[in-house]
file data02.cif (mmCIF, C-alpha atoms)
data_final
loop_
_atom_site.label_atom_id
_atom_site.label_comp_id
_atom_site.auth_asym_id
_atom_site.auth_seq_id
_atom_site.Cartn_x
_atom_site.Cartn_y
_atom_site.Cartn_z
CA MET A 3 8.21 -13.13 4.74
CA GLU A 4 7.45 -14.68 1.32
CA GLN A 5 6.43 -17.97 2.92
CA ILE A 6 3.97 -16.21 5.22
CA LYS A 7 2.43 -14.37 2.29
CA GLU A 8 2.03 -17.57 0.24
CA SER A 9 0.45 -19.52 3.09
CA TYR A 10 -2.38 -17.00 3.40
CA SER A 11 -2.94 -16.15 -0.26
CA GLY A 12 -5.66 -18.77 -0.50
CA TYR A 13 -7.62 -17.50 2.49
CA ALA A 14 -10.91 -15.67 2.00
CA ALA A 15 -10.68 -12.04 3.11
CA ASP A 16 -13.04 -12.47 6.06
CA ASP A 17 -11.01 -15.48 7.23
CA LEU A 18 -7.91 -13.28 7.24
CA LEU A 19 -9.69 -10.97 9.69
CA VAL A 20 -10.39 -13.93 11.94
CA VAL A 21 -6.73 -14.97 11.94
CA ILE A 22 -5.66 -11.37 12.66
CA SER A 23 -7.93 -11.38 15.71
CA MET A 24 -5.90 -14.32 17.09
CA ILE A 25 -2.85 -12.11 17.64
CA ASP A 26 -2.63 -12.78 21.39
CA ASP A 27 -2.48 -16.56 20.90
CA GLU A 28 -0.94 -16.81 17.43
CA PRO A 29 1.14 -13.65 16.80
CA GLU A 30 3.10 -14.97 13.80
CA GLU A 31 -0.02 -16.29 12.07
CA ALA A 32 -1.83 -13.01 12.75
CA LYS A 33 1.11 -11.12 11.25
CA GLY A 34 1.00 -13.26 8.12
CA ALA A 35 -2.73 -12.76 7.69
CA TYR A 36 -2.35 -9.02 8.23
CA ILE A 37 0.39 -8.75 5.59
CA GLU A 38 -1.82 -10.66 3.13
CA LEU A 39 -4.80 -8.39 3.87
CA VAL A 40 -2.71 -5.25 3.31
CA ASN A 41 -1.19 -6.60 0.09
CA ARG A 42 -4.59 -7.64 -1.21
CA PHE A 43 -6.52 -4.43 -0.59
CA ARG A 44 -4.06 -1.56 -0.16
CA ASN A 45 -3.93 -0.39 -3.79
CA LYS A 46 -7.71 -0.50 -4.18
CA LEU A 47 -8.17 1.52 -1.01
CA VAL A 48 -5.55 4.10 -2.00
CA GLU A 49 -7.27 4.50 -5.38
CA TYR A 50 -10.64 4.88 -3.64
CA CYS A 51 -9.28 7.50 -1.25
CA MET A 52 -7.53 9.42 -4.04
CA VAL A 53 -10.82 9.69 -5.92
CA LYS A 54 -12.52 10.89 -2.73
CA CYS A 55 -9.78 13.47 -2.10
CA LYS A 56 -9.99 14.77 -5.68
CA ALA A 57 -13.78 15.00 -5.54
CA ASN A 58 -13.55 17.08 -2.36
CA HIS A 59 -10.60 19.22 -3.55
CA LYS A 60 -8.18 17.75 -1.01
CA ASP A 61 -4.52 16.87 -1.51
CA VAL A 62 -4.43 13.32 -2.94
CA ASN A 63 -1.27 12.63 -0.93
CA TYR A 64 -3.54 12.22 2.10
CA ALA A 65 -4.92 9.03 0.53
CA VAL A 66 -1.91 6.98 1.62
CA ASP A 67 -2.18 8.30 5.18
CA ILE A 68 -5.90 7.54 5.38
CA VAL A 69 -5.33 3.97 4.18
CA TRP A 70 -2.49 3.56 6.69
CA ASN A 71 -4.96 4.46 9.44
CA VAL A 72 -7.54 2.02 8.06
CA PHE A 73 -5.13 -0.87 8.42
CA TYR A 74 -3.95 0.43 11.80
CA ARG A 75 -7.55 0.24 13.02
CA ILE A 76 -8.02 -3.22 11.53
CA LYS A 77 -4.84 -4.42 13.24
CA ASN A 78 -6.11 -3.22 16.60
CA SER A 79 -9.76 -4.15 16.11
CA PRO A 80 -10.16 -6.84 13.44
CA ASP A 81 -13.41 -8.33 14.74
CA GLY A 82 -15.87 -5.64 13.60
CA PHE A 83 -16.72 -7.31 10.30
CA THR A 84 -19.60 -9.72 9.94
CA MET A 85 -20.63 -11.34 6.67
CA SER A 86 -24.29 -11.37 7.68
CA LYS A 87 -24.41 -7.57 7.42
CA ALA A 88 -22.81 -7.44 3.98
CA ASN A 89 -24.80 -6.45 0.88
CA THR A 90 -23.12 -9.12 -1.23
CA ASP A 91 -22.40 -12.83 -1.01
CA ASP A 92 -18.90 -12.26 -2.41
CA HIS A 93 -16.55 -12.41 0.58
CA GLU A 94 -13.81 -10.34 -1.09
CA GLU A 95 -16.18 -7.59 -2.17
CA ALA A 96 -17.83 -7.61 1.25
CA VAL A 97 -14.54 -7.06 3.07
CA LEU A 98 -13.47 -4.41 0.53
CA ALA A 99 -16.74 -2.56 1.12
CA TYR A 100 -16.13 -2.80 4.88
CA LEU A 101 -12.63 -1.38 4.52
CA LYS A 102 -13.93 1.41 2.29
CA GLY A 103 -16.46 2.25 4.98
CA ILE A 104 -13.64 2.66 7.50
CA ALA A 105 -11.70 4.76 4.98
CA ARG A 106 -14.74 6.95 4.42
CA ARG A 107 -15.06 7.58 8.17
CA GLU A 108 -11.35 8.33 8.39
CA PHE A 109 -11.67 10.81 5.52
CA TYR A 110 -14.54 12.71 7.13
CA ASP A 111 -12.96 12.58 10.59
CA LEU A 112 -9.81 14.10 9.10
CA PHE A 113 -11.34 16.84 6.96
CA TYR A 114 -14.86 17.33 8.33
CA PRO A 115 -14.96 16.58 12.07
CA ARG A 116 -18.54 16.16 13.21
CA LYS A 117 -18.07 18.40 16.24
CA LYS A 118 -16.44 21.74 15.80
CA SER A 119 -13.83 21.84 18.47
CA LYS A 120 -12.36 24.96 19.97
CA VAL A 121 -9.22 26.25 18.38
CA ILE A 122 -6.35 24.77 20.36
CA GLU A 123 -3.06 26.57 20.72
CA TYR A 124 -0.35 23.98 21.16
CA ASP A 125 2.64 24.73 23.35
CA PHE A 126 5.07 23.21 20.91
CA LYS A 127 8.13 24.39 19.04
CA VAL A 128 10.54 22.37 16.95
CA ASP A 129 14.06 22.47 18.38
CA THR A 130 16.02 23.88 15.46
CA SER A 131 19.35 23.27 17.20
CA LYS A 132 20.45 20.02 15.61
CA GLU A 133 22.47 19.18 18.72
CA GLY A 134 19.30 18.92 20.81
CA THR A 135 20.15 21.69 23.25
CA GLU A 136 16.50 21.92 24.35
CA LEU A 137 16.15 18.22 25.20
CA TYR A 138 16.20 18.68 28.97
CA ASN A 139 13.60 21.45 28.73
CA ARG A 140 11.06 19.42 26.75
CA LYS A 141 7.78 19.11 28.61
CA VAL A 142 7.16 15.57 27.35
CA LEU A 143 10.47 14.39 28.88
CA LYS A 144 9.80 15.68 32.39
CA GLY A 145 10.38 12.83 34.82
CA ILE A 146 12.10 10.67 32.19
CA ASN A 147 15.34 8.98 33.26
CA ASP A 148 18.41 11.02 32.30
CA GLU A 149 19.96 7.97 30.62
CA VAL A 150 16.99 7.77 28.25
CA VAL A 151 17.33 11.47 27.43
CA LYS A 152 21.03 10.95 26.69
CA VAL A 153 20.17 8.12 24.32
CA LEU A 154 17.62 10.36 22.59
CA SER A 155 20.39 12.81 21.85
CA LYS A 156 22.06 10.13 19.73
CA LEU A 157 19.19 10.07 17.24
CA SER A 158 19.44 12.22 14.15
CA TRP A 159 17.89 15.67 14.43
CA LYS A 160 14.84 14.86 12.28
CA GLU A 161 14.23 11.47 13.92
CA ARG A 162 14.48 13.00 17.38
CA GLU A 163 12.08 15.87 16.70
CA VAL A 164 9.49 13.67 14.98
CA PHE A 165 9.71 11.05 17.74
CA LEU A 166 9.20 13.64 20.48
CA ALA A 167 6.21 15.15 18.68
CA TYR A 168 4.51 11.76 18.35
CA LEU A 169 5.37 10.92 21.95
CA GLU A 170 3.63 14.06 23.14
CA PHE A 171 0.68 14.41 20.78
CA ALA A 172 0.02 10.98 19.24
CA PRO A 173 1.38 8.27 21.57
CA ASN A 174 -1.21 5.68 20.50
CA GLY A 175 -0.74 5.90 16.74
CA GLU A 176 -3.24 8.67 16.05
CA TYR A 177 -2.79 11.40 13.46
CA LEU A 178 -0.63 14.23 14.65
CA PRO A 179 -2.62 17.45 15.13
CA ARG A 180 -2.35 19.28 11.82
CA GLU A 181 -0.65 22.29 13.40
CA ILE A 182 2.10 20.07 14.82
CA GLY A 183 2.57 18.17 11.57
CA ASP A 184 2.79 21.46 9.66
CA GLN A 185 5.46 22.75 12.03
CA LEU A 186 7.51 19.58 11.65
CA ARG A 187 7.23 19.48 7.87
CA GLU A 188 8.20 23.12 7.53
CA SER A 189 11.04 23.11 10.05
CA LEU A 190 12.50 19.74 9.03
CA GLN A 191 11.69 20.10 5.33
CA LEU A 192 9.76 16.84 5.16
CA ALA A 193 6.84 15.74 2.99
CA GLY A 194 3.48 14.31 4.09
CA GLU A 195 2.15 12.52 7.16
CA SER A 196 3.43 9.17 5.93
CA THR A 197 6.98 10.57 5.86
CA LEU A 198 6.58 11.66 9.47
CA ARG A 199 5.34 8.17 10.39
CA VAL A 200 8.39 6.57 8.79
CA TYR A 201 10.74 8.87 10.70
CA ASN A 202 8.89 8.05 13.92
CA LYS A 203 9.08 4.31 13.25
CA ARG A 204 12.81 4.48 12.50
CA ALA A 205 13.42 6.60 15.60
CA LYS A 206 11.65 4.09 17.85
CA GLU A 207 13.59 1.19 16.37
CA LYS A 208 16.95 2.97 16.78
CA LEU A 209 16.04 4.12 20.27
CA GLN A 210 15.23 0.56 21.32
CA THR A 211 18.52 -0.69 19.88
CA LEU A 212 20.47 2.02 21.70
CA LEU A 213 18.67 1.35 24.99
CA ASN A 214 19.34 -2.39 24.70
CA ALA A 215 23.03 -1.66 24.14
CA THR A 216 23.22 0.36 27.36
CA SER A 217 21.42 -2.20 29.52
#

call {"tool": "encode", "arguments": {"input": "data02.cif", "output": "structure tokens"}}
result
Amino acid sequence: MEQIKESYSGYAADDLLVVISMIDDEPEEAKGAYIELVNRFRNKLVEYCMVKCKANHKDVNYAVDIVWNVFYRIKNSPDGFTMSKANTDDHEEAVLAYLKGIARREFYDLFYPRKKSKVIEYDFKVDTSKEGTELYNRKVLKGINDEVVKVLSKLSWKEREVFLAYLEFAPNGEYLPREIGDQLRESLQLAGESTLRVYNKRAKEKLQTLLNATS
């Protein structure tokens, strides 16, 4: 990991974006460039988002989640930046301004959606039985192989419930609907969105390990 970081520390920020876009052909190089980009700009973006949250009377803990989504979008679409559209000749400042622009859109999409959507009532309830007695009744698991459901039961209670919520409501890495996140945090006594993401990540990794062991 340290070698990857060092090999990309001398790259200009916009060049890092180019390397990240090569993920299909050069996955390890893209990973290294991505790690360098995150390490280089994460703290500045978190600070920027915290200021924005404070100015708009929002919980500053959302800053970390917003920045996480910025880098998630960059990882999946790194080719949106062009130096010719920047307002500065400084490559680092130009990329930082670009990332702040994405963060700004994420902030407003989270707190001030442009279109007022209808109030949605979600058919969702956290299974408070730590043994997972409701597993076979979960709508999101309908049609799933019984062996997979059995493996799910081996996850810890919190990992299982967070994983199932993301599987149903945010399968492509989106934010969980706020109502769902609130239910999870209250029922499982967890902190912010980033905590939920960590539980989901750990659940997926453990699930994959368990599935590989049964195959």

call {"tool": "residues_around", "arguments": {"input": "data02.cif", "residues": "range 201-205 of chain A", "least_positions_apart": "6", "cutoff": "7 Å", "atoms": "all atoms listed in the file", "output": "mmCIF file with C-alpha atoms, keeping the file's coordinate frame"}}
result
data_model
loop_
_atom_site.group_PDB
_atom_site.id
_atom_site.type_symbol
_atom_site.label_atom_id
_atom_site.label_comp_id
_atom_site.auth_asym_id
_atom_site.auth_seq_id
_atom_site.Cartn_x
_atom_site.Cartn_y
_atom_site.Cartn_z
ATOM 1 C CA LEU A 157 19.190 10.070 17.240
ATOM 2 C CA GLU A 161 14.230 11.470 13.920
ATOM 3 C CA ARG A 162 14.480 13.000 17.380
ATOM 4 C CA VAL A 164 9.490 13.670 14.980
ATOM 5 C CA PHE A 165 9.710 11.050 17.740
#

call {"tool": "atom_distance", "arguments": {"input": "data02.cif", "atom1": "CA of Tyr100 in chain A", "atom2": "CA of Tyr74 in chain A"}}
result
14.4 Å

call {"tool": "resolve_selection", "arguments": {"input": "data02.cif", "expression": "the PyMOL selection byres ((chain A and resi 142) around 8)", "output": "ChimeraX atom specification"}}
result
/A:140-141,143-144,166,169-170

call {"tool": "atom_distance", "arguments": {"input": "data02.cif", "atom1": "CA of Ala15 in chain A", "atom2": "CA of Arg106 in chain A"}}
result
19.5 Å

call {"tool": "closest_residue", "arguments": {"input": "data02.cif", "among": "A:Met85, A:Ala14, A:Leu112, A:Ala32", "to": "Asp67 in chain A", "atoms": "only C-alpha atoms"}}
result
A:Leu112

call {"tool": "atom_distance", "arguments": {"input": "data02.cif", "atom1": "CA of Thr197 in chain A", "atom2": "CA of Gly82 in chain A"}}
result
29.1 Å

call {"tool": "residues_around", "arguments": {"input": "data02.cif", "residues": "range 42-59 of chain A", "least_positions_apart": "6", "cutoff": "8 Å", "atoms": "only C-alpha atoms", "output": "list in words"}}
result
Ala65, Val66, Ile68, Val69, Leu98, Leu101, Lys102, Ala105, Arg106 and Phe109 of chain A

call {"tool": "resolve_selection", "arguments": {"input": "data02.cif", "expression": "the PyMOL selection byres ((chain A and resi 10) around 10)", "output": "list in words"}}
result
Gln5, Ile6, Lys7, Glu8, Ser9, Ser11, Gly12, Tyr13, Ala14, Ala15, Asp17, Leu18, Val21, Glu31, Gly34, Ala35, Tyr36, Ile37, Glu38 and Leu39 of chain A

call {"tool": "resolve_selection", "arguments": {"input": "data02.cif", "expression": "the PyMOL selection byres ((chain A and resi 182-185) around 10)", "output": "PDB file with C-alpha atoms, in the coordinates of the input"}}
result
ATOM      1  CA  TYR A 124      -0.350  23.980  21.160  1.00  0.00           C
ATOM      2  CA  ASP A 125       2.640  24.730  23.350  1.00  0.00           C
ATOM      3  CA  PHE A 126       5.070  23.210  20.910  1.00  0.00           C
ATOM      4  CA  LYS A 127       8.130  24.390  19.040  1.00  0.00           C
ATOM      5  CA  VAL A 128      10.540  22.370  16.950  1.00  0.00           C
ATOM      6  CA  VAL A 164       9.490  13.670  14.980  1.00  0.00           C
ATOM      7  CA  ALA A 167       6.210  15.150  18.680  1.00  0.00           C
ATOM      8  CA  TYR A 168       4.510  11.760  18.350  1.00  0.00           C
ATOM      9  CA  PHE A 171       0.680  14.410  20.780  1.00  0.00           C
ATOM     10  CA  TYR A 177      -2.790  11.400  13.460  1.00  0.00           C
ATOM     11  CA  LEU A 178      -0.630  14.230  14.650  1.00  0.00           C
ATOM     12  CA  PRO A 179      -2.620  17.450  15.130  1.00  0.00           C
ATOM     13  CA  ARG A 180      -2.350  19.280  11.820  1.00  0.00           C
ATOM     14  CA  GLU A 181      -0.650  22.290  13.400  1.00  0.00           C
ATOM     15  CA  LEU A 186       7.510  19.580  11.650  1.00  0.00           C
ATOM     16  CA  ARG A 187       7.230  19.480   7.870  1.00  0.00           C
ATOM     17  CA  GLU A 188       8.200  23.120   7.530  1.00  0.00           C
ATOM     18  CA  SER A 189      11.040  23.110  10.050  1.00  0.00           C
ATOM     19  CA  LEU A 190      12.500  19.740   9.030  1.00  0.00           C
ATOM     20  CA  GLN A 191      11.690  20.100   5.330  1.00  0.00           C
ATOM     21  CA  LEU A 192       9.760  16.840   5.160  1.00  0.00           C
ATOM     22  CA  ALA A 193       6.840  15.740   2.990  1.00  0.00           C
ATOM     23  CA  GLY A 194       3.480  14.310   4.090  1.00  0.00           C
ATOM     24  CA  GLU A 195       2.150  12.520   7.160  1.00  0.00           C
ATOM     25  CA  LEU A 198       6.580  11.660   9.470  1.00  0.00           C
TER      26      LEU A 198
END

call {"tool": "residues_around", "arguments": {"input": "data02.cif", "residues": "Asn78 in chain A", "least_positions_apart": "2", "cutoff": "10 Å", "atoms": "only C-alpha atoms", "output": "list in words"}}
result
Ile22, Ser23, Ile25, Phe73, Tyr74, Arg75, Ile76, Pro80 and Asp81 of chain A
